[in-house]
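*Asks:* This one is start-v8.pdb, PDB, C-alpha atoms and all ligand atoms.
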```pdb
ATOM      1  CA  MET A   1      58.625 -87.740  -8.140
ATOM      2  CA  LYS A   2      61.907 -88.286  -9.976
ATOM      3  CA  GLY A   3      63.003 -91.441  -8.159
ATOM      4  CA  LYS A   4      62.859 -93.447  -4.949
ATOM      5  CA  THR A   5      65.142 -93.737  -1.959
ATOM      6  CA  ARG A   6      64.919 -95.932   1.109
ATOM      7  CA  PHE A   7      65.680 -95.998   4.808
ATOM      8  CA  ALA A   8      66.591 -99.579   5.671
ATOM      9  CA  PRO A   9      67.235-100.217   9.381
ATOM     10  CA  SER A  10      67.715-103.732  10.784
ATOM     11  CA  PRO A  11      65.439-104.445  13.788
ATOM     12  CA  THR A  12      68.222-105.944  15.879
ATOM     13  CA  GLY A  13      68.071-103.179  18.481
ATOM     14  CA  TYR A  14      66.514 -99.763  19.066
ATOM     15  CA  LEU A  15      67.358 -96.855  16.770
ATOM     16  CA  HIS A  16      70.217 -94.656  18.004
ATOM     17  CA  GLU A  17      71.680 -91.305  17.000
ATOM     18  CA  GLY A  18      73.572 -92.912  14.090
ATOM     19  CA  HIS A  19      70.266 -94.048  12.584
ATOM     20  CA  LEU A  20      68.790 -90.613  13.127
ATOM     21  CA  LEU A  21      71.654 -89.057  11.160
ATOM     22  CA  SER A  22      71.102 -91.589   8.331
ATOM     23  CA  ALA A  23      67.378 -90.859   8.319
ATOM     24  CA  LEU A  24      68.110 -87.128   8.109
ATOM     25  CA  TYR A  25      70.305 -87.715   5.056
ATOM     26  CA  VAL A  26      67.684 -89.935   3.398
ATOM     27  CA  TRP A  27      64.876 -87.430   3.971
ATOM     28  CA  ALA A  28      67.076 -84.498   2.923
ATOM     29  CA  ALA A  29      68.089 -86.301  -0.294
ATOM     30  CA  ALA A  30      64.406 -86.950  -0.993
ATOM     31  CA  ARG A  31      63.693 -83.244  -0.554
ATOM     32  CA  LYS A  32      66.602 -82.166  -2.724
ATOM     33  CA  TRP A  33      66.173 -84.653  -5.582
ATOM     34  CA  ASP A  34      62.390 -85.080  -5.441
ATOM     35  CA  LEU A  35      62.403 -88.746  -4.377
ATOM     36  CA  SER A  36      59.728 -90.806  -2.702
ATOM     37  CA  ILE A  37      60.756 -92.489   0.553
ATOM     38  CA  HIS A  38      60.457 -96.195   1.237
ATOM     39  CA  LEU A  39      60.899 -97.643   4.730
ATOM     40  CA  ARG A  40      62.371-101.149   4.470
ATOM     41  CA  ILE A  41      62.690-103.143   7.672
ATOM     42  CA  GLU A  42      65.694-105.412   7.092
ATOM     43  CA  ASP A  43      64.857-108.442   9.206
ATOM     44  CA  HIS A  44      66.592-110.960   6.915
ATOM     45  CA  ASP A  45      68.542-112.139   9.977
ATOM     46  CA  GLN A  46      65.681-113.890  11.731
ATOM     47  CA  GLU A  47      67.891-114.897  14.657
ATOM     48  CA  ARG A  48      68.695-111.314  15.628
ATOM     49  CA  ALA A  49      65.558-109.430  14.530
ATOM     50  CA  LYS A  50      63.033-108.808  17.329
ATOM     51  CA  PRO A  51      59.315-107.860  16.918
ATOM     52  CA  GLU A  52      59.576-105.162  19.616
ATOM     53  CA  HIS A  53      62.344-103.484  17.629
ATOM     54  CA  ILE A  54      60.257-103.529  14.435
ATOM     55  CA  ALA A  55      57.404-101.695  16.146
ATOM     56  CA  ALA A  56      59.871 -99.301  17.785
ATOM     57  CA  ILE A  57      61.415 -98.273  14.442
ATOM     58  CA  ARG A  58      58.068 -97.001  13.165
ATOM     59  CA  GLU A  59      57.110 -95.360  16.455
ATOM     60  CA  ASP A  60      60.448 -93.601  16.932
ATOM     61  CA  LEU A  61      60.501 -92.307  13.340
ATOM     62  CA  GLN A  62      56.948 -90.993  13.680
ATOM     63  CA  TRP A  63      57.754 -89.386  17.027
ATOM     64  CA  LEU A  64      60.678 -87.585  15.364
ATOM     65  CA  GLY A  65      58.336 -86.316  12.624
ATOM     66  CA  PHE A  66      59.460 -88.468   9.674
ATOM     67  CA  ALA A  67      56.806 -89.594   7.160
ATOM     68  CA  TRP A  68      57.260 -92.109   4.328
ATOM     69  CA  GLN A  69      55.295 -93.076   1.246
ATOM     70  CA  SER A  70      55.721 -96.863   1.224
ATOM     71  CA  GLU A  71      56.966 -99.627   3.455
ATOM     72  CA  SER A  72      58.091-103.259   3.314
ATOM     73  CA  ILE A  73      59.605-105.896   5.556
ATOM     74  CA  GLN A  74      62.159-108.407   4.289
ATOM     75  CA  SER A  75      60.657-111.417   6.090
ATOM     76  CA  SER A  76      57.717-111.115   3.657
ATOM     77  CA  HIS A  77      60.131-111.308   0.696
ATOM     78  CA  PHE A  78      61.396-114.854   1.107
ATOM     79  CA  ASP A  79      59.568-116.007  -2.075
ATOM     80  CA  ARG A  80      61.183-113.141  -3.947
ATOM     81  CA  PHE A  81      64.607-114.197  -2.629
ATOM     82  CA  GLU A  82      64.000-117.858  -3.642
ATOM     83  CA  LYS A  83      63.072-116.721  -7.148
ATOM     84  CA  LYS A  84      66.208-114.593  -7.530
ATOM     85  CA  LEU A  85      68.345-117.450  -6.196
ATOM     86  CA  LYS A  86      66.814-119.798  -8.776
ATOM     87  CA  GLU A  87      67.541-117.355 -11.588
ATOM     88  CA  LEU A  88      71.190-117.135 -10.517
ATOM     89  CA  GLN A  89      71.374-120.946 -10.189
ATOM     90  CA  GLU A  90      69.965-121.371 -13.688
ATOM     91  CA  LYS A  91      72.757-119.137 -14.973
ATOM     92  CA  GLY A  92      75.282-121.401 -13.196
ATOM     93  CA  LEU A  93      76.346-118.604 -10.864
ATOM     94  CA  VAL A  94      75.789-120.261  -7.472
ATOM     95  CA  TYR A  95      77.696-123.037  -5.705
ATOM     96  CA  PRO A  96      77.545-124.652  -2.259
ATOM     97  CA  CYS A  97      80.394-123.869   0.105
ATOM     98  CA  TYR A  98      81.184-126.370   2.872
ATOM     99  CA  CYS A  99      84.011-124.419   4.505
ATOM    100  CA  SER A 100      83.640-123.865   8.246
ATOM    101  CA  ARG A 101      84.393-120.471   9.796
ATOM    102  CA  LYS A 102      87.687-121.914  11.032
ATOM    103  CA  GLU A 103      88.676-123.091   7.557
ATOM    104  CA  LEU A 104      87.652-119.809   5.997
ATOM    105  CA  ASP A 105      89.872-117.924   8.446
ATOM    106  CA  ALA A 106      92.814-120.278   8.059
ATOM    107  CA  GLU A 107      92.778-120.703   4.288
ATOM    108  CA  ASN A 108      92.021-117.251   2.901
ATOM    109  CA  PRO A 109      93.615-113.811   3.044
ATOM    110  CA  LYS A 110      91.695-110.940   4.678
ATOM    111  CA  ASN A 111      90.964-107.436   3.431
ATOM    112  CA  GLU A 112      91.680-104.238   5.385
ATOM    113  CA  TYR A 113      88.362-104.625   7.265
ATOM    114  CA  GLY A 114      89.243-108.140   8.420
ATOM    115  CA  GLU A 115      86.815-109.799   5.990
ATOM    116  CA  VAL A 116      87.781-113.044   4.274
ATOM    117  CA  ILE A 117      88.731-112.765   0.586
ATOM    118  CA  TYR A 118      87.400-116.140  -0.480
ATOM    119  CA  GLN A 119      89.746-117.882  -2.900
ATOM    120  CA  GLY A 120      87.006-120.094  -4.361
ATOM    121  CA  LYS A 121      87.989-123.468  -2.833
ATOM    122  CA  CYS A 122      84.481-124.988  -3.032
ATOM    123  CA  SER A 123      83.969-123.774  -6.600
ATOM    124  CA  PHE A 124      86.665-126.280  -7.644
ATOM    125  CA  GLU A 125      85.368-129.251  -5.590
ATOM    126  CA  THR A 126      82.166-131.312  -5.605
ATOM    127  CA  LYS A 127      80.937-132.713  -2.276
ATOM    128  CA  GLU A 128      78.041-134.548  -0.651
ATOM    129  CA  SER A 129      75.212-132.002  -0.657
ATOM    130  CA  SER A 130      73.550-133.040   2.624
ATOM    131  CA  LEU A 131      76.447-131.514   4.571
ATOM    132  CA  PRO A 132      75.803-128.046   6.027
ATOM    133  CA  HIS A 133      76.726-125.426   3.462
ATOM    134  CA  SER A 134      76.290-121.817   2.522
ATOM    135  CA  LEU A 135      75.571-120.725  -1.051
ATOM    136  CA  ARG A 136      78.064-118.439  -2.744
ATOM    137  CA  VAL A 137      77.664-116.361  -5.852
ATOM    138  CA  LYS A 138      80.375-116.584  -8.520
ATOM    139  CA  ILE A 139      81.363-113.030  -9.212
ATOM    140  CA  LEU A 140      83.353-111.823 -12.193
ATOM    141  CA  ASP A 141      86.968-110.726 -12.007
ATOM    142  CA  LYS A 142      85.986-107.208 -13.068
ATOM    143  CA  VAL A 143      86.643-103.658 -11.898
ATOM    144  CA  ILE A 144      83.480-101.831 -10.862
ATOM    145  CA  TYR A 145      83.607 -98.090 -11.530
ATOM    146  CA  TRP A 146      81.122 -96.222  -9.402
ATOM    147  CA  ASN A 147      80.580 -92.711  -8.168
ATOM    148  CA  ASP A 148      79.640 -91.660  -4.666
ATOM    149  CA  LEU A 149      77.671 -88.400  -4.679
ATOM    150  CA  ARG A 150      79.741 -87.213  -1.712
ATOM    151  CA  LEU A 151      83.068 -89.064  -1.896
ATOM    152  CA  GLY A 152      83.682 -89.112  -5.647
ATOM    153  CA  ASP A 153      84.875 -91.914  -7.917
ATOM    154  CA  PHE A 154      85.800 -95.470  -6.900
ATOM    155  CA  GLU A 155      87.397 -98.306  -8.880
ATOM    156  CA  GLU A 156      87.059-101.593  -7.017
ATOM    157  CA  ASN A 157      87.215-105.246  -7.983
ATOM    158  CA  PRO A 158      85.053-107.357  -5.606
ATOM    159  CA  LYS A 159      87.046-110.434  -6.628
ATOM    160  CA  PHE A 160      89.931-108.909  -4.636
ATOM    161  CA  GLN A 161      87.808-107.246  -1.937
ATOM    162  CA  CYS A 162      85.898-110.348  -0.828
ATOM    163  CA  GLY A 163      85.866-112.967  -3.620
ATOM    164  CA  ASP A 164      82.715-115.034  -4.225
ATOM    165  CA  PHE A 165      80.459-114.142  -1.288
ATOM    166  CA  PRO A 166      77.583-115.940   0.496
ATOM    167  CA  ILE A 167      74.025-115.208  -0.530
ATOM    168  CA  ARG A 168      72.579-117.714   1.951
ATOM    169  CA  ASP A 169      74.363-118.807   5.115
ATOM    170  CA  ARG A 170      74.876-122.265   6.629
ATOM    171  CA  ILE A 171      71.653-122.111   8.633
ATOM    172  CA  GLY A 172      69.635-121.089   5.579
ATOM    173  CA  GLN A 173      69.336-117.349   6.247
ATOM    174  CA  TRP A 174      69.545-114.872   3.386
ATOM    175  CA  THR A 175      72.561-112.630   3.691
ATOM    176  CA  TYR A 176      72.458-108.852   3.875
ATOM    177  CA  GLN A 177      74.211-108.488   0.480
ATOM    178  CA  PHE A 178      71.753-110.699  -1.355
ATOM    179  CA  ALA A 179      68.615-109.388   0.368
ATOM    180  CA  VAL A 180      69.571-105.747  -0.145
ATOM    181  CA  CYS A 181      70.385-106.215  -3.862
ATOM    182  CA  THR A 182      67.179-108.121  -4.518
ATOM    183  CA  ASP A 183      65.082-105.521  -2.748
ATOM    184  CA  ASP A 184      66.842-102.493  -4.230
ATOM    185  CA  ILE A 185      66.027-103.963  -7.661
ATOM    186  CA  GLU A 186      62.498-105.172  -6.941
ATOM    187  CA  GLU A 187      61.508-102.002  -5.106
ATOM    188  CA  GLY A 188      62.861 -99.744  -7.856
ATOM    189  CA  ILE A 189      65.324 -97.867  -5.641
ATOM    190  CA  THR A 190      67.132 -95.136  -7.596
ATOM    191  CA  HIS A 191      69.114 -93.525  -4.731
ATOM    192  CA  VAL A 192      70.853 -95.380  -1.876
ATOM    193  CA  ILE A 193      71.745 -93.037   0.984
ATOM    194  CA  ARG A 194      73.519 -94.677   3.943
ATOM    195  CA  GLY A 195      76.504 -94.444   6.291
ATOM    196  CA  GLU A 196      80.164 -94.725   5.310
ATOM    197  CA  ASP A 197      80.430 -97.988   7.262
ATOM    198  CA  ILE A 198      78.631 -99.748   4.380
ATOM    199  CA  ARG A 199      80.597 -98.085   1.570
ATOM    200  CA  ASN A 200      82.808-101.149   1.325
ATOM    201  CA  SER A 201      79.780-103.237   0.238
ATOM    202  CA  THR A 202      78.862-101.063  -2.714
ATOM    203  CA  ALA A 203      81.066-102.537  -5.462
ATOM    204  CA  ARG A 204      79.998-106.085  -4.592
ATOM    205  CA  GLN A 205      76.348-105.027  -4.564
ATOM    206  CA  ILE A 206      76.691-103.412  -8.000
ATOM    207  CA  ALA A 207      78.453-106.568  -9.244
ATOM    208  CA  LEU A 208      75.669-108.791  -7.889
ATOM    209  CA  MET A 209      72.932-106.559  -9.288
ATOM    210  CA  GLU A 210      74.582-106.793 -12.716
ATOM    211  CA  LEU A 211      74.503-110.595 -12.484
ATOM    212  CA  MET A 212      70.835-110.335 -11.478
ATOM    213  CA  GLY A 213      70.171-108.407 -14.663
ATOM    214  CA  ARG A 214      70.008-104.788 -13.502
ATOM    215  CA  PRO A 215      72.324-102.919 -15.890
ATOM    216  CA  GLU A 216      71.937 -99.474 -14.300
ATOM    217  CA  PRO A 217      72.828 -99.401 -10.559
ATOM    218  CA  PRO A 218      71.244 -96.872  -8.164
ATOM    219  CA  LYS A 219      73.088 -93.668  -7.326
ATOM    220  CA  TYR A 220      74.947 -93.889  -3.994
ATOM    221  CA  LEU A 221      75.762 -91.442  -1.225
ATOM    222  CA  HIS A 222      77.603 -92.527   1.933
ATOM    223  CA  HIS A 223      77.514 -89.985   4.737
ATOM    224  CA  ALA A 224      80.053 -89.525   7.561
ATOM    225  CA  LEU A 225      79.263 -91.282  10.838
ATOM    226  CA  ILE A 226      78.821 -90.080  14.385
ATOM    227  CA  VAL A 227      81.505 -91.639  16.560
ATOM    228  CA  ASP A 228      81.574 -92.182  20.314
ATOM    229  CA  ALA A 229      84.084 -90.652  22.712
ATOM    230  CA  SER A 230      86.682 -93.295  21.820
ATOM    231  CA  GLY A 231      86.312 -92.654  18.067
ATOM    232  CA  LYS A 232      84.282 -95.822  17.382
ATOM    233  CA  LYS A 233      81.023 -95.734  15.380
ATOM    234  CA  LEU A 234      77.806 -96.093  17.371
ATOM    235  CA  SER A 235      76.482 -99.623  17.229
ATOM    236  CA  LYS A 236      73.414-101.476  18.454
ATOM    237  CA  ARG A 237      75.540-104.496  19.295
ATOM    238  CA  GLU A 238      77.498-102.430  21.755
ATOM    239  CA  LYS A 239      74.295-100.944  23.138
ATOM    240  CA  ALA A 240      74.600 -97.373  21.924
ATOM    241  CA  HIS A 241      72.326 -95.045  23.829
ATOM    242  CA  SER A 242      68.927 -95.341  22.075
ATOM    243  CA  ILE A 243      66.433 -92.732  20.900
ATOM    244  CA  ARG A 244      63.862 -94.567  22.981
ATOM    245  CA  GLN A 245      65.877 -94.039  26.168
ATOM    246  CA  ASP A 246      66.067 -90.319  25.419
ATOM    247  CA  ARG A 247      62.347 -90.199  24.666
ATOM    248  CA  GLU A 248      61.542 -91.896  27.952
ATOM    249  CA  ALA A 249      63.838 -89.503  29.787
ATOM    250  CA  GLY A 250      61.798 -86.569  28.432
ATOM    251  CA  VAL A 251      64.136 -85.341  25.686
ATOM    252  CA  SER A 252      62.170 -83.650  22.858
ATOM    253  CA  PRO A 253      62.601 -84.489  19.137
ATOM    254  CA  GLN A 254      63.994 -80.972  18.593
ATOM    255  CA  GLU A 255      66.639 -81.438  21.323
ATOM    256  CA  LEU A 256      67.650 -84.762  19.842
ATOM    257  CA  LEU A 257      67.902 -83.315  16.323
ATOM    258  CA  GLY A 258      70.060 -80.455  17.620
ATOM    259  CA  ARG A 259      72.399 -82.916  19.352
ATOM    260  CA  VAL A 260      72.777 -85.119  16.300
ATOM    261  CA  LEU A 261      73.490 -82.195  13.974
ATOM    262  CA  PHE A 262      76.079 -80.919  16.443
ATOM    263  CA  LYS A 263      77.771 -84.318  16.864
ATOM    264  CA  ALA A 264      77.866 -84.747  13.081
ATOM    265  CA  GLY A 265      79.604 -81.379  12.734
ATOM    266  CA  LEU A 266      76.668 -79.903  10.827
ATOM    267  CA  GLN A 267      75.659 -77.283  13.408
ATOM    268  CA  ALA A 268      77.889 -75.145  15.655
ATOM    269  CA  SER A 269      75.950 -75.938  18.847
ATOM    270  CA  ALA A 270      73.482 -78.553  20.078
ATOM    271  CA  ALA A 271      70.656 -75.976  20.132
ATOM    272  CA  PRO A 272      67.209 -77.572  19.591
ATOM    273  CA  THR A 273      66.294 -77.656  15.900
ATOM    274  CA  ASP A 274      63.058 -78.595  14.153
ATOM    275  CA  LEU A 275      63.013 -81.301  11.499
ATOM    276  CA  ASN A 276      62.319 -78.921   8.638
ATOM    277  CA  THR A 277      65.333 -76.749   9.499
ATOM    278  CA  ALA A 278      67.523 -79.834   9.984
ATOM    279  CA  LEU A 279      66.594 -81.152   6.529
ATOM    280  CA  ASP A 280      67.248 -77.789   4.887
ATOM    281  CA  LEU A 281      70.641 -77.687   6.589
ATOM    282  CA  ILE A 282      71.605 -81.159   5.354
ATOM    283  CA  CYS A 283      70.376 -80.332   1.830
ATOM    284  CA  GLN A 284      73.109 -77.703   1.710
ATOM    285  CA  HIS A 285      75.704 -80.452   2.233
ATOM    286  CA  LEU A 286      74.389 -82.746  -0.513
TER     287      LEU A 286
HETATM  288  N1  LIG B   1      70.187-102.706   7.227
HETATM  289  C1  LIG B   1      71.448-102.015   7.184
HETATM  290  C2  LIG B   1      71.755-101.446   8.553
HETATM  291  O1  LIG B   1      70.870-101.283   9.373
HETATM  292  C3  LIG B   1      71.468-100.897   6.173
HETATM  293  C4  LIG B   1      71.524-101.401   4.795
HETATM  294  C5  LIG B   1      71.692-100.404   3.671
HETATM  295  O2  LIG B   1      71.359 -99.219   3.814
HETATM  296  O3  LIG B   1      72.117-100.841   2.624
HETATM  297  O4  LIG B   1      72.904-101.166   8.811
END
```
Can you present the structure in this file as structure tokens?
*Replies:*
Amino acid sequence: MKGKTRFAPSPTGYLHEGHLLSALYVWAAARKWDLSIHLRIEDHDQERAKPEHIAAIREDLQWLGFAWQSESIQSSHFDRFEKKLKELQEKGLVYPCYCSRKELDAENPKNEYGEVIYQGKCSFETKESSLPHSLRVKILDKVIYWNDLRLGDFEENPKFQCGDFPIRDRIGQWTYQFAVCTDDIEEGITHVIRGEDIRNSTARQIALMELMGRPEPPKYLHHALIVDASGKKLSKREKAHSIRQDREAGVSPQELLGRVLFKAGLQASAAPTDLNTALDLICQHL
């Protein structure tokens, strides 16, 4: 094998067609570039992750015919996260932030996605540390040059995209950005294949991984998303129709694959398609 990729769903709902498209891209990339596949269950948000959804991820993937070589779950990585936090703290790169959501919204500009661009208020002030606080990482004012295997070159400075960002939130939960960077490093991920909705996180993840001591970032590919009838991306929060519902209604894996390829504009009709054919088809688009 020449590298390692991962499929990293969050168990905050059942898998839907958007996840299936992502999985197809991950498995196709593995076929094309000779990569091993790691399933990482991203349950860093312990408030929203549900055990029934964890079990369902594995079952639904197996039912669809996907196989993987290794697996991990983020809730078993909390020691690893503590260790990485300590390393960053020892380098003087972490500070507590006492700003409430209201203050963050009122005092900082927002980027085009509505995210706060934190201006660093708490990095200039010292306060009583028993107050509720998040932990932010001090990022460099530095342009990140990175290449997307599908979308081409990007030049982005996270200082202007989001500013110093939280690595642990006010209730002590590890954030997505921190957990994903730690795990992509520790699990030796060489290729990150995921939807365009996360593209905006890439420069900040590369910046954080550099601070964590990984000089060479993974290669990235962000695929186009399936949208619903109103043009919005499918989302678990808004209860997108799940693979499980289709399964229970008697839809076959081949019918589901055909539908997803059709909705993603990769096949001219929704004709049933087997997994092998679907992966070969996607390989042609990589
Ligand atoms: N856990 C994220 C999600 O389900 C994906 C993270 C990633 O691929 O970097 O949207």
*Asks:* Throw together the list of residues within 7 Å of ligand LIG 1 (chain B), counting all atoms listed in the file, and drop it here as a ChimeraX atom specification.
*Replies:* /A:7-10,42,180,192-194,198
*Asks:* If you keep C-alpha atoms, can you produce a file of those selected residues as an mmCIF file, in the coordinates of the input?
*Replies:*
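Contents of the output file result.cif:
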```cif
data_model
loop_
_atom_site.group_PDB
_atom_site.id
_atom_site.type_symbol
_atom_site.label_atom_id
_atom_site.label_comp_id
_atom_site.auth_asym_id
_atom_site.auth_seq_id
_atom_site.Cartn_x
_atom_site.Cartn_y
_atom_site.Cartn_z
ATOM 1 C CA PHE A 7 65.680 -95.998 4.808
ATOM 2 C CA ALA A 8 66.591 -99.579 5.671
ATOM 3 C CA PRO A 9 67.235 -100.217 9.381
ATOM 4 C CA SER A 10 67.715 -103.732 10.784
ATOM 5 C CA GLU A 42 65.694 -105.412 7.092
ATOM 6 C CA VAL A 180 69.571 -105.747 -0.145
ATOM 7 C CA VAL A 192 70.853 -95.380 -1.876
ATOM 8 C CA ILE A 193 71.745 -93.037 0.984
ATOM 9 C CA ARG A 194 73.519 -94.677 3.943
ATOM 10 C CA ILE A 198 78.631 -99.748 4.380
#
```
*Asks:* For A:Leu140, which residue out of A:Glu87, A:Asp197, A:Asp164, A:Asp105 is the nearest one, using only C-alpha atoms?
*Replies:*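 That would be A:Asp164, the residue with the smallest distance to A:Leu140.
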*Asks:* What does the distance between atom CA of A:Asp60 and atom CA of A:Asp246 come to in Å, to one decimal place?
*Replies:*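 So the answer is 10.7 Å.
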*Asks:* Which residues, named as in the file, does the PyMOL selection byres (((chain A and resi 92) around 12) and not hetatm) pick out? Answer as a list of chain:residue names.
*Replies:*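 For this structure, the PyMOL selection byres (((chain A and resi 92) around 12) and not hetatm) captures A:Leu85, A:Lys86, A:Glu87, A:Leu88, A:Gln89, A:Glu90, A:Lys91, A:Leu93, A:Val94, A:Tyr95, A:Pro96, A:Ser123, A:Arg136, A:Val137, A:Lys138, A:Ile139, A:Leu211.
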*Asks:* Tell me, as an mmCIF file with C-alpha atoms, in the coordinates of the input, which residues lie within 12 Å of A:Trp174, counting all atoms listed in the file; anything in the same chain fewer than 4 positions away does not count.
*Replies:*
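Once everything was written out, this is selection_8.cif:
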```cif
data_model
loop_
_atom_site.group_PDB
_atom_site.id
_atom_site.type_symbol
_atom_site.label_atom_id
_atom_site.label_comp_id
_atom_site.auth_asym_id
_atom_site.auth_seq_id
_atom_site.Cartn_x
_atom_site.Cartn_y
_atom_site.Cartn_z
ATOM 1 C CA GLU A 42 65.694 -105.412 7.092
ATOM 2 C CA ASP A 43 64.857 -108.442 9.206
ATOM 3 C CA HIS A 44 66.592 -110.960 6.915
ATOM 4 C CA ASP A 45 68.542 -112.139 9.977
ATOM 5 C CA GLN A 46 65.681 -113.890 11.731
ATOM 6 C CA GLU A 47 67.891 -114.897 14.657
ATOM 7 C CA GLN A 74 62.159 -108.407 4.289
ATOM 8 C CA SER A 75 60.657 -111.417 6.090
ATOM 9 C CA HIS A 77 60.131 -111.308 0.696
ATOM 10 C CA PHE A 78 61.396 -114.854 1.107
ATOM 11 C CA ASP A 79 59.568 -116.007 -2.075
ATOM 12 C CA ARG A 80 61.183 -113.141 -3.947
ATOM 13 C CA PHE A 81 64.607 -114.197 -2.629
ATOM 14 C CA GLU A 82 64.000 -117.858 -3.642
ATOM 15 C CA LYS A 84 66.208 -114.593 -7.530
ATOM 16 C CA LEU A 85 68.345 -117.450 -6.196
ATOM 17 C CA SER A 134 76.290 -121.817 2.522
ATOM 18 C CA LEU A 135 75.571 -120.725 -1.051
ATOM 19 C CA ARG A 136 78.064 -118.439 -2.744
ATOM 20 C CA PHE A 165 80.459 -114.142 -1.288
ATOM 21 C CA PRO A 166 77.583 -115.940 0.496
ATOM 22 C CA ILE A 167 74.025 -115.208 -0.530
ATOM 23 C CA ARG A 168 72.579 -117.714 1.951
ATOM 24 C CA ASP A 169 74.363 -118.807 5.115
ATOM 25 C CA ARG A 170 74.876 -122.265 6.629
ATOM 26 C CA PHE A 178 71.753 -110.699 -1.355
ATOM 27 C CA ALA A 179 68.615 -109.388 0.368
ATOM 28 C CA VAL A 180 69.571 -105.747 -0.145
ATOM 29 C CA CYS A 181 70.385 -106.215 -3.862
ATOM 30 C CA THR A 182 67.179 -108.121 -4.518
#
```
*Asks:* Hey, what comes out of the PyMOL selection byres (((chain A and resi 203) around 12) and not hetatm) on this file? Could you write it as a PyMOL selection string?
*Replies:* chain A and resi 139-140+142-148+153-163+177+181+198-202+204-210+217-218+220
*Asks:* May I have the selected residues written with C-alpha atoms, as a short mmCIF file (atom, residue, chain, number, x, y, z; two decimals), keeping the file's coordinate frame?
*Replies:*
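Output saved as again.cif:
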```cif
data_model
loop_
_atom_site.label_atom_id
_atom_site.label_comp_id
_atom_site.auth_asym_id
_atom_site.auth_seq_id
_atom_site.Cartn_x
_atom_site.Cartn_y
_atom_site.Cartn_z
CA ILE A 139 81.36 -113.03 -9.21
CA LEU A 140 83.35 -111.82 -12.19
CA LYS A 142 85.99 -107.21 -13.07
CA VAL A 143 86.64 -103.66 -11.90
CA ILE A 144 83.48 -101.83 -10.86
CA TYR A 145 83.61 -98.09 -11.53
CA TRP A 146 81.12 -96.22 -9.40
CA ASN A 147 80.58 -92.71 -8.17
CA ASP A 148 79.64 -91.66 -4.67
CA ASP A 153 84.88 -91.91 -7.92
CA PHE A 154 85.80 -95.47 -6.90
CA GLU A 155 87.40 -98.31 -8.88
CA GLU A 156 87.06 -101.59 -7.02
CA ASN A 157 87.22 -105.25 -7.98
CA PRO A 158 85.05 -107.36 -5.61
CA LYS A 159 87.05 -110.43 -6.63
CA PHE A 160 89.93 -108.91 -4.64
CA GLN A 161 87.81 -107.25 -1.94
CA CYS A 162 85.90 -110.35 -0.83
CA GLY A 163 85.87 -112.97 -3.62
CA GLN A 177 74.21 -108.49 0.48
CA CYS A 181 70.39 -106.22 -3.86
CA ILE A 198 78.63 -99.75 4.38
CA ARG A 199 80.60 -98.08 1.57
CA ASN A 200 82.81 -101.15 1.32
CA SER A 201 79.78 -103.24 0.24
CA THR A 202 78.86 -101.06 -2.71
CA ARG A 204 80.00 -106.08 -4.59
CA GLN A 205 76.35 -105.03 -4.56
CA ILE A 206 76.69 -103.41 -8.00
CA ALA A 207 78.45 -106.57 -9.24
CA LEU A 208 75.67 -108.79 -7.89
CA MET A 209 72.93 -106.56 -9.29
CA GLU A 210 74.58 -106.79 -12.72
CA PRO A 217 72.83 -99.40 -10.56
CA PRO A 218 71.24 -96.87 -8.16
CA TYR A 220 74.95 -93.89 -3.99
#
```
*Asks:* Between A:Gln173, A:Asn108, A:Ser230, A:Ser242, which residue has the minimum interatomic distance to A:Ile57, considering only C-alpha atoms?
*Replies:*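 Smallest separation from A:Ile57 among the options: A:Ser242.
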*Asks:* To one decimal place, how far is atom CA of A:Trp68 from atom CA of A:Leu39 in Å?
*Replies:*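 Interatomic distance here is 6.6 Å.
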*Asks:* State, in Å with one decimal place, the distance from atom CA of A:Ala264 to atom CA of A:Gly65.
*Replies:*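 Spanning atom CA of A:Ala264 to atom CA of A:Gly65 is a straight-line distance of 19.6 Å.
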*Asks:* Residues proximal to (64.1, -87.0, 20.0) were defined as those with any atom within 8 Å of that point in the file's coordinates, counting only C-alpha atoms. Which are they, as a compact mmCIF listing (two decimals) with C-alpha atoms, in the frame of the given file?
*Replies:*
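Contents of part-v3.txt, freshly written:
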```
# COMPACT_ATOMS: atom_id res chain seq x y z
CA TRP A 63 57.75 -89.39 17.03
CA LEU A 64 60.68 -87.58 15.36
CA ILE A 243 66.43 -92.73 20.90
CA ASP A 246 66.07 -90.32 25.42
CA ARG A 247 62.35 -90.20 24.67
CA VAL A 251 64.14 -85.34 25.69
CA SER A 252 62.17 -83.65 22.86
CA PRO A 253 62.60 -84.49 19.14
CA GLN A 254 63.99 -80.97 18.59
CA GLU A 255 66.64 -81.44 21.32
CA LEU A 256 67.65 -84.76 19.84
CA LEU A 257 67.90 -83.32 16.32
```
*Asks:* For a quick check of understanding, using only C-alpha atoms, which of A:Leu151, A:Val116, A:Ile41, A:Cys97 has the smallest distance to A:Ala224?
*Replies:* A:Leu151
*Asks:* Residues proximal to (75.4, -90.9, 2.7) were defined as those with any atom within 12 Å of that point in the file's coordinates, counting all atoms listed in the file. Which are they, as a ChimeraX atom specification?
*Replies:* /A:5-7,18-19,21-29,148-152,191-199,219-225,282-283,285-286
